[in-house]
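A.B. asks: My structure is in my_file.txt, and what it holds is compact mmCIF, C-alpha atoms:
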# COMPACT_ATOMS: atom_id res chain seq x y z
CA MET A 12 -33.64 -26.45 -4.53
CA SER A 13 -32.01 -26.62 -7.92
CA GLY A 14 -32.84 -23.06 -8.96
CA PHE A 15 -35.15 -24.31 -11.70
CA GLN A 16 -38.83 -23.30 -11.70
CA ILE A 17 -41.67 -23.74 -14.14
CA ASN A 18 -42.39 -20.19 -15.32
CA HIS A 19 -45.23 -20.97 -17.69
CA ILE A 20 -46.95 -23.53 -19.87
CA ALA A 21 -48.11 -22.13 -23.19
CA ILE A 22 -51.26 -23.47 -24.82
CA VAL A 23 -52.17 -22.42 -28.35
CA VAL A 24 -55.89 -21.89 -28.83
CA SER A 25 -58.00 -20.97 -31.84
CA ASP A 26 -60.29 -18.59 -29.96
CA LEU A 27 -59.42 -16.86 -26.69
CA SER A 28 -63.03 -16.39 -25.60
CA ASN A 29 -63.79 -20.07 -26.08
CA ALA A 30 -60.62 -21.03 -24.24
CA LEU A 31 -61.50 -18.75 -21.31
CA GLY A 32 -64.92 -20.39 -21.28
CA PHE A 33 -63.14 -23.57 -20.24
CA TRP A 34 -60.08 -22.50 -18.22
CA ARG A 35 -61.63 -19.52 -16.40
CA ASP A 36 -65.37 -20.09 -16.35
CA ALA A 37 -65.72 -23.88 -16.07
CA LEU A 38 -62.46 -24.77 -14.29
CA GLY A 39 -62.22 -21.60 -12.21
CA LEU A 40 -58.68 -20.38 -12.87
CA PRO A 41 -58.16 -16.65 -12.29
CA VAL A 42 -57.08 -14.45 -15.20
CA GLY A 43 -54.12 -12.25 -14.37
CA ARG A 44 -54.11 -10.12 -17.48
CA LEU A 45 -54.87 -10.05 -21.18
CA GLU A 46 -52.39 -8.83 -23.78
CA GLN A 47 -52.64 -8.05 -27.46
CA ASN A 48 -49.18 -8.27 -29.02
CA ASP A 49 -49.29 -6.86 -32.54
CA THR A 50 -45.59 -7.51 -33.14
CA GLU A 51 -45.91 -11.23 -32.47
CA GLN A 52 -49.46 -11.29 -33.88
CA VAL A 53 -50.98 -13.01 -30.86
CA GLU A 54 -53.49 -12.39 -28.11
CA ILE A 55 -52.53 -13.89 -24.77
CA ALA A 56 -54.39 -14.55 -21.53
CA PHE A 57 -52.11 -15.07 -18.52
CA LEU A 58 -53.62 -17.32 -15.85
CA PRO A 59 -51.59 -17.49 -12.62
CA VAL A 60 -51.36 -20.98 -11.10
CA GLY A 61 -49.35 -20.99 -7.90
CA GLY A 62 -46.05 -19.33 -8.77
CA ALA A 63 -46.35 -20.20 -12.46
CA GLU A 64 -48.72 -19.25 -15.27
CA ILE A 65 -50.77 -20.91 -17.95
CA GLU A 66 -50.57 -18.77 -21.09
CA LEU A 67 -53.41 -19.13 -23.56
CA ILE A 68 -52.04 -17.90 -26.89
CA SER A 69 -54.32 -17.18 -29.81
CA PRO A 70 -52.58 -16.32 -33.10
CA THR A 71 -54.04 -13.43 -35.09
CA SER A 72 -52.14 -14.51 -38.22
CA GLY A 73 -51.47 -17.84 -39.88
CA GLU A 74 -47.96 -16.74 -40.87
CA THR A 75 -46.32 -17.02 -37.45
CA GLY A 76 -44.96 -20.06 -35.66
CA VAL A 77 -47.98 -20.32 -33.40
CA GLY A 78 -50.30 -19.67 -36.34
CA ARG A 79 -48.77 -22.58 -38.21
CA TYR A 80 -48.89 -24.74 -35.07
CA LEU A 81 -52.62 -24.01 -34.73
CA ALA A 82 -53.29 -24.81 -38.38
CA LYS A 83 -51.34 -28.07 -38.13
CA THR A 84 -52.58 -29.37 -34.78
CA GLY A 85 -55.82 -27.58 -33.97
CA GLY A 86 -54.16 -26.27 -30.80
CA GLY A 87 -52.88 -27.71 -27.55
CA LEU A 88 -49.78 -27.73 -25.36
CA HIS A 89 -47.23 -25.61 -27.24
CA HIS A 90 -44.18 -25.00 -25.07
CA LEU A 91 -42.76 -25.26 -21.57
CA CYS A 92 -40.80 -22.41 -20.04
CA LEU A 93 -38.33 -23.07 -17.23
CA GLU A 94 -36.57 -20.44 -15.17
CA VAL A 95 -32.86 -21.15 -14.83
CA PRO A 96 -30.50 -19.38 -12.45
CA ASP A 97 -27.92 -18.52 -15.16
CA ILE A 98 -29.06 -18.65 -18.79
CA ASP A 99 -25.56 -18.09 -20.20
CA ALA A 100 -24.26 -21.08 -18.29
CA ALA A 101 -27.29 -23.14 -19.29
CA LEU A 102 -26.88 -22.34 -23.00
CA LYS A 103 -23.16 -23.11 -22.84
CA SER A 104 -23.84 -26.46 -21.18
CA LEU A 105 -26.46 -27.29 -23.82
CA ALA A 106 -24.20 -26.25 -26.70
CA ASP A 107 -21.35 -28.32 -25.24
CA ALA A 108 -23.75 -31.29 -25.27
CA HIS A 109 -24.53 -30.60 -28.97
CA VAL A 110 -28.10 -29.60 -28.17
CA GLU A 111 -29.76 -27.67 -31.00
CA LEU A 112 -30.58 -24.13 -29.83
CA ILE A 113 -33.06 -21.88 -31.62
CA ASN A 114 -31.35 -18.92 -29.93
CA ALA A 115 -27.65 -19.50 -29.41
CA ALA A 116 -27.53 -16.34 -27.27
CA PRO A 117 -30.36 -15.04 -25.10
CA ASN A 118 -32.71 -12.25 -26.16
CA THR A 119 -33.96 -9.71 -23.63
CA ARG A 120 -37.56 -8.62 -23.06
CA ASP A 121 -38.54 -5.08 -22.04
CA ASP A 122 -38.78 -6.14 -18.40
CA GLY A 123 -35.21 -7.47 -18.43
CA THR A 124 -36.10 -11.15 -18.69
CA ARG A 125 -33.49 -12.96 -20.76
CA TYR A 126 -34.80 -15.89 -22.79
CA ALA A 127 -33.86 -18.46 -25.39
CA PHE A 128 -35.60 -21.41 -27.05
CA VAL A 129 -34.27 -24.95 -27.38
CA HIS A 130 -35.27 -26.88 -30.49
CA PRO A 131 -37.73 -29.79 -30.04
CA ARG A 132 -35.36 -31.98 -32.08
CA SER A 133 -32.99 -32.04 -29.10
CA THR A 134 -35.56 -32.40 -26.32
CA GLY A 135 -37.64 -35.34 -27.52
CA GLY A 136 -40.31 -33.18 -29.14
CA VAL A 137 -40.74 -30.43 -26.54
CA LEU A 138 -40.33 -26.78 -27.51
CA LEU A 139 -38.48 -25.53 -24.42
CA GLU A 140 -38.04 -21.90 -23.45
CA LEU A 141 -35.49 -20.88 -20.83
CA TYR A 142 -35.87 -17.72 -18.73
CA GLU A 143 -33.41 -15.89 -16.57
CA LEU A 144 -35.46 -13.39 -14.61
CA PRO A 145 -34.07 -9.93 -13.90
CA VAL A 146 -32.67 -9.31 -10.43
CA PRO A 147 -35.19 -7.19 -8.48
CA LYS A 148 -34.02 -3.59 -8.25
CA ALA A 149 -33.73 -3.66 -4.47
CA GLU A 150 -31.09 -6.40 -4.81
CA ALA A 151 -29.32 -5.03 -7.86
CA MET B 20 -54.00 -17.64 -4.16
CA SER B 21 -56.64 -19.59 -6.03
CA GLY B 22 -55.74 -23.00 -4.59
CA PHE B 23 -54.61 -24.22 -8.02
CA GLN B 24 -51.03 -25.43 -8.52
CA ILE B 25 -49.18 -27.10 -11.35
CA ASN B 26 -48.43 -30.58 -10.00
CA HIS B 27 -46.62 -31.96 -13.04
CA ILE B 28 -46.04 -31.75 -16.74
CA ALA B 29 -45.84 -35.15 -18.41
CA ILE B 30 -43.57 -35.66 -21.40
CA VAL B 31 -43.72 -38.92 -23.37
CA VAL B 32 -40.31 -40.10 -24.52
CA SER B 33 -39.18 -43.05 -26.60
CA ASP B 34 -36.11 -43.82 -24.49
CA LEU B 35 -35.68 -42.81 -20.87
CA SER B 36 -31.87 -42.88 -20.97
CA ASN B 37 -31.77 -40.60 -24.00
CA ALA B 38 -34.29 -38.25 -22.38
CA LEU B 39 -32.24 -38.09 -19.18
CA GLY B 40 -29.23 -37.30 -21.35
CA PHE B 41 -30.97 -34.05 -22.20
CA TRP B 42 -33.07 -33.08 -19.15
CA ARG B 43 -30.64 -34.26 -16.45
CA ASP B 44 -27.19 -34.29 -17.99
CA ALA B 45 -27.26 -31.37 -20.42
CA LEU B 46 -29.85 -29.10 -18.81
CA GLY B 47 -29.01 -30.01 -15.21
CA LEU B 48 -32.39 -30.89 -13.70
CA PRO B 49 -32.21 -33.15 -10.65
CA VAL B 50 -33.88 -36.58 -10.79
CA GLY B 51 -36.10 -37.26 -7.81
CA ARG B 52 -36.85 -40.91 -8.47
CA LEU B 53 -37.30 -43.53 -11.15
CA GLU B 54 -40.30 -45.84 -11.29
CA GLN B 55 -41.15 -48.90 -13.32
CA ASN B 56 -44.93 -49.34 -13.40
CA ASP B 57 -45.78 -52.74 -14.86
CA THR B 58 -49.53 -52.19 -14.52
CA GLU B 59 -49.48 -49.06 -16.65
CA GLN B 60 -46.59 -50.41 -18.77
CA VAL B 61 -44.43 -47.34 -18.39
CA GLU B 62 -41.12 -46.28 -16.93
CA ILE B 63 -41.14 -42.81 -15.37
CA ALA B 64 -38.44 -40.39 -14.24
CA PHE B 65 -39.69 -37.72 -11.84
CA LEU B 66 -37.70 -34.48 -12.04
CA PRO B 67 -38.59 -31.93 -9.34
CA VAL B 68 -38.76 -28.33 -10.58
CA GLY B 69 -39.64 -25.93 -7.80
CA GLY B 70 -42.81 -27.29 -6.20
CA ALA B 71 -43.81 -29.17 -9.36
CA GLU B 72 -42.36 -32.05 -11.37
CA ILE B 73 -41.51 -32.89 -14.93
CA GLU B 74 -42.43 -36.51 -15.54
CA LEU B 75 -40.60 -38.28 -18.35
CA ILE B 76 -42.80 -41.22 -19.31
CA SER B 77 -41.50 -44.01 -21.52
CA PRO B 78 -44.06 -46.60 -22.61
CA THR B 79 -42.97 -50.24 -22.48
CA SER B 80 -45.91 -51.28 -24.69
CA GLY B 81 -47.48 -49.89 -27.83
CA GLU B 82 -50.95 -50.89 -26.62
CA THR B 83 -51.44 -48.19 -23.99
CA GLY B 84 -52.55 -44.59 -24.39
CA VAL B 85 -49.01 -43.29 -24.02
CA GLY B 86 -47.70 -46.03 -26.30
CA ARG B 87 -50.10 -44.96 -29.02
CA TYR B 88 -49.25 -41.28 -28.39
CA LEU B 89 -45.56 -42.06 -28.85
CA ALA B 90 -46.19 -44.01 -32.06
CA LYS B 91 -48.36 -41.21 -33.45
CA THR B 92 -46.27 -38.18 -32.47
CA GLY B 93 -42.75 -39.36 -31.75
CA GLY B 94 -43.12 -38.00 -28.22
CA GLY B 95 -43.48 -34.61 -26.59
CA LEU B 96 -45.69 -32.71 -24.15
CA HIS B 97 -48.41 -35.19 -23.16
CA HIS B 98 -50.50 -33.81 -20.33
CA LEU B 99 -50.75 -31.10 -17.71
CA CYS B 100 -51.73 -31.92 -14.14
CA LEU B 101 -53.23 -29.23 -11.92
CA GLU B 102 -53.89 -29.56 -8.20
CA VAL B 103 -57.35 -28.34 -7.26
CA PRO B 104 -58.59 -27.73 -3.72
CA ASP B 105 -61.76 -29.86 -4.14
CA ILE B 106 -61.88 -32.33 -7.03
CA ASP B 107 -65.53 -33.24 -6.49
CA ALA B 108 -66.54 -29.58 -6.78
CA ALA B 109 -64.26 -29.15 -9.81
CA LEU B 110 -65.74 -32.16 -11.64
CA LYS B 111 -69.29 -31.00 -10.84
CA SER B 112 -68.53 -27.52 -12.18
CA LEU B 113 -67.03 -29.02 -15.34
CA ALA B 114 -69.93 -31.43 -15.86
CA ASP B 115 -72.41 -28.57 -15.35
CA ALA B 116 -70.54 -26.71 -18.12
CA HIS B 117 -70.91 -29.78 -20.39
CA VAL B 118 -67.16 -30.46 -20.35
CA GLU B 119 -66.27 -33.97 -21.49
CA LEU B 120 -64.68 -35.87 -18.59
CA ILE B 121 -62.63 -39.04 -19.08
CA ASN B 122 -63.31 -39.87 -15.43
CA ALA B 123 -66.71 -38.62 -14.27
CA ALA B 124 -65.73 -39.50 -10.70
CA PRO B 125 -62.21 -39.36 -9.28
CA ASN B 126 -59.99 -42.40 -8.88
CA THR B 127 -57.67 -42.74 -5.88
CA ARG B 128 -53.97 -43.60 -5.91
CA ASP B 129 -52.27 -45.64 -3.16
CA ASP B 130 -51.02 -42.45 -1.52
CA GLY B 131 -54.54 -41.05 -1.27
CA THR B 132 -54.27 -38.64 -4.21
CA ARG B 133 -57.63 -38.37 -5.97
CA TYR B 134 -57.40 -37.76 -9.71
CA ALA B 135 -59.44 -37.49 -12.89
CA PHE B 136 -58.73 -36.67 -16.52
CA VAL B 137 -60.53 -34.12 -18.68
CA HIS B 138 -60.84 -34.91 -22.38
CA PRO B 139 -58.76 -32.80 -24.81
CA ARG B 140 -61.93 -32.25 -26.88
CA SER B 141 -63.19 -29.91 -24.16
CA THR B 142 -59.94 -28.11 -23.36
CA GLY B 143 -58.74 -27.05 -26.80
CA GLY B 144 -56.47 -30.04 -27.29
CA VAL B 145 -54.90 -30.37 -23.84
CA LEU B 146 -55.12 -33.64 -21.93
CA LEU B 147 -55.71 -32.25 -18.43
CA GLU B 148 -55.35 -34.21 -15.21
CA LEU B 149 -56.77 -32.88 -11.96
CA TYR B 150 -55.34 -33.85 -8.55
CA GLU B 151 -56.71 -33.42 -5.10
CA LEU B 152 -53.85 -34.21 -2.76
CA PRO B 153 -54.49 -36.09 0.47
CA VAL B 154 -54.63 -34.03 3.66
CA PRO B 155 -51.37 -34.59 5.58
CA LYS B 156 -51.94 -36.93 8.54
CA ALA B 157 -50.99 -34.28 11.11
CA GLU B 158 -53.91 -32.16 9.91
CA ALA B 159 -56.41 -34.99 9.33
The structure in this file should be written as structure tokens.

C.D. replies:
Amino acid sequence: MSGFQINHIAIVVSDLSNALGFWRDALGLPVGRLEQNDTEQVEIAFLPVGGAEIELISPTSGETGVGRYLAKTGGGLHHLCLEVPDIDAALKSLADAHVELINAAPNTRDDGTRYAFVHPRSTGGVLLELYELPVPKAEA
Amino acid sequence: MSGFQINHIAIVVSDLSNALGFWRDALGLPVGRLEQNDTEQVEIAFLPVGGAEIELISPTSGETGVGRYLAKTGGGLHHLCLEVPDIDAALKSLADAHVELINAAPNTRDDGTRYAFVHPRSTGGVLLELYELPVPKAEA
């Protein structure tokens, strides 16, 4: 094991109900939870798939990154998120290799997840998110 | 558990060596194996990530689907492959829901994996591959 895991695949959709009509109703994936994020101006459906998730992201504004992606492409595969064991080490290794980082230092979500994005220009066209998950409290 | 798993994420790249310079050398993913597939006119690097794989696919011809995708987009996230417990049942459910299937019936790889593609027109822009893995011989 390398310590890497796929955390999620994000798919930008124009309409969450339509998207759930395919992914949940026709294909049969379970829906873990639904989230309305007014700060990021998106609605998200989280669909667990094994230990990973498919995230269906529907922008509620055309002014955000995902809103512009939807307008440009009509929707589709948006980004890949990989869990790494040590995000500081990963970002240093990428910077040393002259990889273009969207976030040179990680941000932290409310749940303690540390994350950073790598620019598609350095990955061959893939918007890549890196996660370092928080250590569970029992182990902290 | 729903029986669904992410099997692989396929990324189309223009040059496999350059792509490995990012995914293997800078990011640190292991490379499981390299394959040259003359029938499909592609070279593929398989990078295991947890129980799934990232497949870096480099077309050796502009006349194939991935060759045209590369010419049109410059490369990037190409398709998502999900393992399903019963591909015949999945395809019947999708057809009943009027989902457009690229393969109405599954094809079978040499290793016994049965697979079919779902058209991006029915998924909100995602080329989706479904796999039903062969039953291991010890259980057959």

A.B. asks: Using all atoms listed in the file, which of B:Glu54, B:Asp115, B:Glu102, B:Asp130 sits nearest B:Ile25?

C.D. replies: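 With all atoms listed in the file as the atom set, the closest residue is B:Glu102.
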
A.B. asks: Could you superpose chain B on chain A by least squares over every Cα, matched in sequence order, and send it back as a PDB file with C-alpha atoms, in the frame of the given file?

C.D. replies:
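Saved the output as part06.pdb:
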ATOM      1  CA  MET B  20     -33.646 -26.470  -4.525  1.00  0.00           C
ATOM      2  CA  SER B  21     -32.016 -26.630  -7.929  1.00  0.00           C
ATOM      3  CA  GLY B  22     -32.837 -23.055  -8.956  1.00  0.00           C
ATOM      4  CA  PHE B  23     -35.152 -24.310 -11.711  1.00  0.00           C
ATOM      5  CA  GLN B  24     -38.828 -23.300 -11.710  1.00  0.00           C
ATOM      6  CA  ILE B  25     -41.684 -23.732 -14.134  1.00  0.00           C
ATOM      7  CA  ASN B  26     -42.402 -20.185 -15.315  1.00  0.00           C
ATOM      8  CA  HIS B  27     -45.251 -20.975 -17.698  1.00  0.00           C
ATOM      9  CA  ILE B  28     -46.953 -23.529 -19.855  1.00  0.00           C
ATOM     10  CA  ALA B  29     -48.111 -22.131 -23.186  1.00  0.00           C
ATOM     11  CA  ILE B  30     -51.264 -23.466 -24.806  1.00  0.00           C
ATOM     12  CA  VAL B  31     -52.171 -22.415 -28.356  1.00  0.00           C
ATOM     13  CA  VAL B  32     -55.891 -21.883 -28.826  1.00  0.00           C
ATOM     14  CA  SER B  33     -57.996 -20.969 -31.833  1.00  0.00           C
ATOM     15  CA  ASP B  34     -60.301 -18.601 -29.949  1.00  0.00           C
ATOM     16  CA  LEU B  35     -59.416 -16.864 -26.707  1.00  0.00           C
ATOM     17  CA  SER B  36     -63.034 -16.392 -25.601  1.00  0.00           C
ATOM     18  CA  ASN B  37     -63.805 -20.075 -26.077  1.00  0.00           C
ATOM     19  CA  ALA B  38     -60.620 -21.036 -24.225  1.00  0.00           C
ATOM     20  CA  LEU B  39     -61.500 -18.750 -21.315  1.00  0.00           C
ATOM     21  CA  GLY B  40     -64.919 -20.394 -21.279  1.00  0.00           C
ATOM     22  CA  PHE B  41     -63.141 -23.566 -20.233  1.00  0.00           C
ATOM     23  CA  TRP B  42     -60.069 -22.506 -18.210  1.00  0.00           C
ATOM     24  CA  ARG B  43     -61.637 -19.524 -16.409  1.00  0.00           C
ATOM     25  CA  ASP B  44     -65.372 -20.090 -16.358  1.00  0.00           C
ATOM     26  CA  ALA B  45     -65.710 -23.863 -16.059  1.00  0.00           C
ATOM     27  CA  LEU B  46     -62.473 -24.781 -14.289  1.00  0.00           C
ATOM     28  CA  GLY B  47     -62.226 -21.599 -12.213  1.00  0.00           C
ATOM     29  CA  LEU B  48     -58.682 -20.378 -12.871  1.00  0.00           C
ATOM     30  CA  PRO B  49     -58.164 -16.660 -12.278  1.00  0.00           C
ATOM     31  CA  VAL B  50     -57.081 -14.455 -15.200  1.00  0.00           C
ATOM     32  CA  GLY B  51     -54.130 -12.249 -14.366  1.00  0.00           C
ATOM     33  CA  ARG B  52     -54.105 -10.113 -17.490  1.00  0.00           C
ATOM     34  CA  LEU B  53     -54.876 -10.044 -21.184  1.00  0.00           C
ATOM     35  CA  GLU B  54     -52.401  -8.830 -23.783  1.00  0.00           C
ATOM     36  CA  GLN B  55     -52.645  -8.056 -27.464  1.00  0.00           C
ATOM     37  CA  ASN B  56     -49.179  -8.271 -29.022  1.00  0.00           C
ATOM     38  CA  ASP B  57     -49.284  -6.867 -32.548  1.00  0.00           C
ATOM     39  CA  THR B  58     -45.585  -7.522 -33.152  1.00  0.00           C
ATOM     40  CA  GLU B  59     -45.912 -11.233 -32.472  1.00  0.00           C
ATOM     41  CA  GLN B  60     -49.477 -11.292 -33.872  1.00  0.00           C
ATOM     42  CA  VAL B  61     -50.989 -13.009 -30.873  1.00  0.00           C
ATOM     43  CA  GLU B  62     -53.493 -12.385 -28.125  1.00  0.00           C
ATOM     44  CA  ILE B  63     -52.531 -13.886 -24.764  1.00  0.00           C
ATOM     45  CA  ALA B  64     -54.393 -14.556 -21.523  1.00  0.00           C
ATOM     46  CA  PHE B  65     -52.110 -15.067 -18.527  1.00  0.00           C
ATOM     47  CA  LEU B  66     -53.626 -17.319 -15.857  1.00  0.00           C
ATOM     48  CA  PRO B  67     -51.600 -17.494 -12.625  1.00  0.00           C
ATOM     49  CA  VAL B  68     -51.376 -20.982 -11.104  1.00  0.00           C
ATOM     50  CA  GLY B  69     -49.353 -20.993  -7.915  1.00  0.00           C
ATOM     51  CA  GLY B  70     -46.039 -19.333  -8.766  1.00  0.00           C
ATOM     52  CA  ALA B  71     -46.353 -20.198 -12.464  1.00  0.00           C
ATOM     53  CA  GLU B  72     -48.726 -19.247 -15.274  1.00  0.00           C
ATOM     54  CA  ILE B  73     -50.771 -20.904 -17.953  1.00  0.00           C
ATOM     55  CA  GLU B  74     -50.567 -18.778 -21.078  1.00  0.00           C
ATOM     56  CA  LEU B  75     -53.411 -19.127 -23.561  1.00  0.00           C
ATOM     57  CA  ILE B  76     -52.030 -17.898 -26.876  1.00  0.00           C
ATOM     58  CA  SER B  77     -54.315 -17.166 -29.808  1.00  0.00           C
ATOM     59  CA  PRO B  78     -52.593 -16.326 -33.091  1.00  0.00           C
ATOM     60  CA  THR B  79     -54.041 -13.433 -35.089  1.00  0.00           C
ATOM     61  CA  SER B  80     -52.122 -14.526 -38.209  1.00  0.00           C
ATOM     62  CA  GLY B  81     -51.475 -17.845 -39.889  1.00  0.00           C
ATOM     63  CA  GLU B  82     -47.959 -16.748 -40.857  1.00  0.00           C
ATOM     64  CA  THR B  83     -46.311 -17.030 -37.443  1.00  0.00           C
ATOM     65  CA  GLY B  84     -44.936 -20.076 -35.659  1.00  0.00           C
ATOM     66  CA  VAL B  85     -47.974 -20.327 -33.408  1.00  0.00           C
ATOM     67  CA  GLY B  86     -50.284 -19.677 -36.352  1.00  0.00           C
ATOM     68  CA  ARG B  87     -48.765 -22.587 -38.229  1.00  0.00           C
ATOM     69  CA  TYR B  88     -48.890 -24.752 -35.074  1.00  0.00           C
ATOM     70  CA  LEU B  89     -52.601 -24.016 -34.723  1.00  0.00           C
ATOM     71  CA  ALA B  90     -53.287 -24.815 -38.382  1.00  0.00           C
ATOM     72  CA  LYS B  91     -51.336 -28.073 -38.137  1.00  0.00           C
ATOM     73  CA  THR B  92     -52.596 -29.369 -34.784  1.00  0.00           C
ATOM     74  CA  GLY B  93     -55.821 -27.573 -33.964  1.00  0.00           C
ATOM     75  CA  GLY B  94     -54.169 -26.255 -30.804  1.00  0.00           C
ATOM     76  CA  GLY B  95     -52.875 -27.694 -27.558  1.00  0.00           C
ATOM     77  CA  LEU B  96     -49.776 -27.737 -25.358  1.00  0.00           C
ATOM     78  CA  HIS B  97     -47.224 -25.607 -27.222  1.00  0.00           C
ATOM     79  CA  HIS B  98     -44.179 -24.993 -25.070  1.00  0.00           C
ATOM     80  CA  LEU B  99     -42.759 -25.257 -21.579  1.00  0.00           C
ATOM     81  CA  CYS B 100     -40.801 -22.395 -20.046  1.00  0.00           C
ATOM     82  CA  LEU B 101     -38.338 -23.073 -17.237  1.00  0.00           C
ATOM     83  CA  GLU B 102     -36.570 -20.428 -15.173  1.00  0.00           C
ATOM     84  CA  VAL B 103     -32.865 -21.136 -14.834  1.00  0.00           C
ATOM     85  CA  PRO B 104     -30.489 -19.374 -12.447  1.00  0.00           C
ATOM     86  CA  ASP B 105     -27.921 -18.501 -15.168  1.00  0.00           C
ATOM     87  CA  ILE B 106     -29.050 -18.640 -18.798  1.00  0.00           C
ATOM     88  CA  ASP B 107     -25.568 -18.080 -20.212  1.00  0.00           C
ATOM     89  CA  ALA B 108     -24.243 -21.084 -18.283  1.00  0.00           C
ATOM     90  CA  ALA B 109     -27.298 -23.133 -19.299  1.00  0.00           C
ATOM     91  CA  LEU B 110     -26.881 -22.342 -23.013  1.00  0.00           C
ATOM     92  CA  LYS B 111     -23.144 -23.111 -22.837  1.00  0.00           C
ATOM     93  CA  SER B 112     -23.840 -26.459 -21.166  1.00  0.00           C
ATOM     94  CA  LEU B 113     -26.452 -27.281 -23.809  1.00  0.00           C
ATOM     95  CA  ALA B 114     -24.205 -26.236 -26.698  1.00  0.00           C
ATOM     96  CA  ASP B 115     -21.347 -28.307 -25.237  1.00  0.00           C
ATOM     97  CA  ALA B 116     -23.751 -31.282 -25.253  1.00  0.00           C
ATOM     98  CA  HIS B 117     -24.524 -30.599 -28.948  1.00  0.00           C
ATOM     99  CA  VAL B 118     -28.118 -29.594 -28.176  1.00  0.00           C
ATOM    100  CA  GLU B 119     -29.768 -27.672 -31.003  1.00  0.00           C
ATOM    101  CA  LEU B 120     -30.576 -24.137 -29.819  1.00  0.00           C
ATOM    102  CA  ILE B 121     -33.063 -21.881 -31.611  1.00  0.00           C
ATOM    103  CA  ASN B 122     -31.363 -18.919 -29.935  1.00  0.00           C
ATOM    104  CA  ALA B 123     -27.640 -19.494 -29.409  1.00  0.00           C
ATOM    105  CA  ALA B 124     -27.529 -16.337 -27.288  1.00  0.00           C
ATOM    106  CA  PRO B 125     -30.361 -15.039 -25.115  1.00  0.00           C
ATOM    107  CA  ASN B 126     -32.706 -12.260 -26.169  1.00  0.00           C
ATOM    108  CA  THR B 127     -33.967  -9.708 -23.640  1.00  0.00           C
ATOM    109  CA  ARG B 128     -37.560  -8.624 -23.051  1.00  0.00           C
ATOM    110  CA  ASP B 129     -38.537  -5.073 -22.026  1.00  0.00           C
ATOM    111  CA  ASP B 130     -38.777  -6.153 -18.392  1.00  0.00           C
ATOM    112  CA  GLY B 131     -35.213  -7.462 -18.415  1.00  0.00           C
ATOM    113  CA  THR B 132     -36.099 -11.158 -18.689  1.00  0.00           C
ATOM    114  CA  ARG B 133     -33.474 -12.963 -20.765  1.00  0.00           C
ATOM    115  CA  TYR B 134     -34.809 -15.882 -22.793  1.00  0.00           C
ATOM    116  CA  ALA B 135     -33.877 -18.467 -25.400  1.00  0.00           C
ATOM    117  CA  PHE B 136     -35.601 -21.405 -27.060  1.00  0.00           C
ATOM    118  CA  VAL B 137     -34.276 -24.947 -27.380  1.00  0.00           C
ATOM    119  CA  HIS B 138     -35.270 -26.883 -30.491  1.00  0.00           C
ATOM    120  CA  PRO B 139     -37.730 -29.787 -30.044  1.00  0.00           C
ATOM    121  CA  ARG B 140     -35.347 -31.980 -32.080  1.00  0.00           C
ATOM    122  CA  SER B 141     -32.994 -32.036 -29.094  1.00  0.00           C
ATOM    123  CA  THR B 142     -35.558 -32.403 -26.313  1.00  0.00           C
ATOM    124  CA  GLY B 143     -37.650 -35.326 -27.528  1.00  0.00           C
ATOM    125  CA  GLY B 144     -40.320 -33.173 -29.130  1.00  0.00           C
ATOM    126  CA  VAL B 145     -40.732 -30.423 -26.533  1.00  0.00           C
ATOM    127  CA  LEU B 146     -40.333 -26.779 -27.508  1.00  0.00           C
ATOM    128  CA  LEU B 147     -38.481 -25.532 -24.419  1.00  0.00           C
ATOM    129  CA  GLU B 148     -38.039 -21.897 -23.454  1.00  0.00           C
ATOM    130  CA  LEU B 149     -35.495 -20.880 -20.838  1.00  0.00           C
ATOM    131  CA  TYR B 150     -35.870 -17.706 -18.741  1.00  0.00           C
ATOM    132  CA  GLU B 151     -33.425 -15.889 -16.577  1.00  0.00           C
ATOM    133  CA  LEU B 152     -35.462 -13.379 -14.619  1.00  0.00           C
ATOM    134  CA  PRO B 153     -34.068  -9.924 -13.914  1.00  0.00           C
ATOM    135  CA  VAL B 154     -32.651  -9.317 -10.440  1.00  0.00           C
ATOM    136  CA  PRO B 155     -35.169  -7.206  -8.483  1.00  0.00           C
ATOM    137  CA  LYS B 156     -33.986  -3.585  -8.244  1.00  0.00           C
ATOM    138  CA  ALA B 157     -33.715  -3.686  -4.443  1.00  0.00           C
ATOM    139  CA  GLU B 158     -31.087  -6.415  -4.765  1.00  0.00           C
ATOM    140  CA  ALA B 159     -29.288  -5.050  -7.847  1.00  0.00           C
TER     141      ALA B 159
END

A.B. asks: Quick one: contact table of chain B to chain A, 6 Å max, nearest atom pair and distance in Å to one decimal per residue, counting only C-alpha atoms, chain and number order, as JSON lines?

C.D. replies:
{"residue": "B:Phe23", "atom": "CA", "partner": "A:Val60", "partner_atom": "CA", "distance": 5.5}
{"residue": "B:Gln24", "atom": "CA", "partner": "A:Gly61", "partner_atom": "CA", "distance": 4.8}
{"residue": "B:Ala45", "atom": "CA", "partner": "A:Leu105", "partner_atom": "CA", "distance": 5.4}
{"residue": "B:Val68", "atom": "CA", "partner": "A:Gln16", "partner_atom": "CA", "distance": 5.2}
{"residue": "B:Gly69", "atom": "CA", "partner": "A:Gln16", "partner_atom": "CA", "distance": 4.8}
{"residue": "B:Gly94", "atom": "CA", "partner": "A:Gly136", "partner_atom": "CA", "distance": 5.7}
{"residue": "B:Gly95", "atom": "CA", "partner": "A:Gly136", "partner_atom": "CA", "distance": 4.3}
{"residue": "B:Leu96", "atom": "CA", "partner": "A:Val137", "partner_atom": "CA", "distance": 6.0}
{"residue": "B:Leu113", "atom": "CA", "partner": "A:Ala37", "partner_atom": "CA", "distance": 5.4}
{"residue": "B:Ala116", "atom": "CA", "partner": "A:Ala37", "partner_atom": "CA", "distance": 6.0}
{"residue": "B:Gly143", "atom": "CA", "partner": "A:Gly87", "partner_atom": "CA", "distance": 5.9}
{"residue": "B:Gly144", "atom": "CA", "partner": "A:Gly87", "partner_atom": "CA", "distance": 4.3}
{"residue": "B:Val145", "atom": "CA", "partner": "A:Gly87", "partner_atom": "CA", "distance": 5.0}
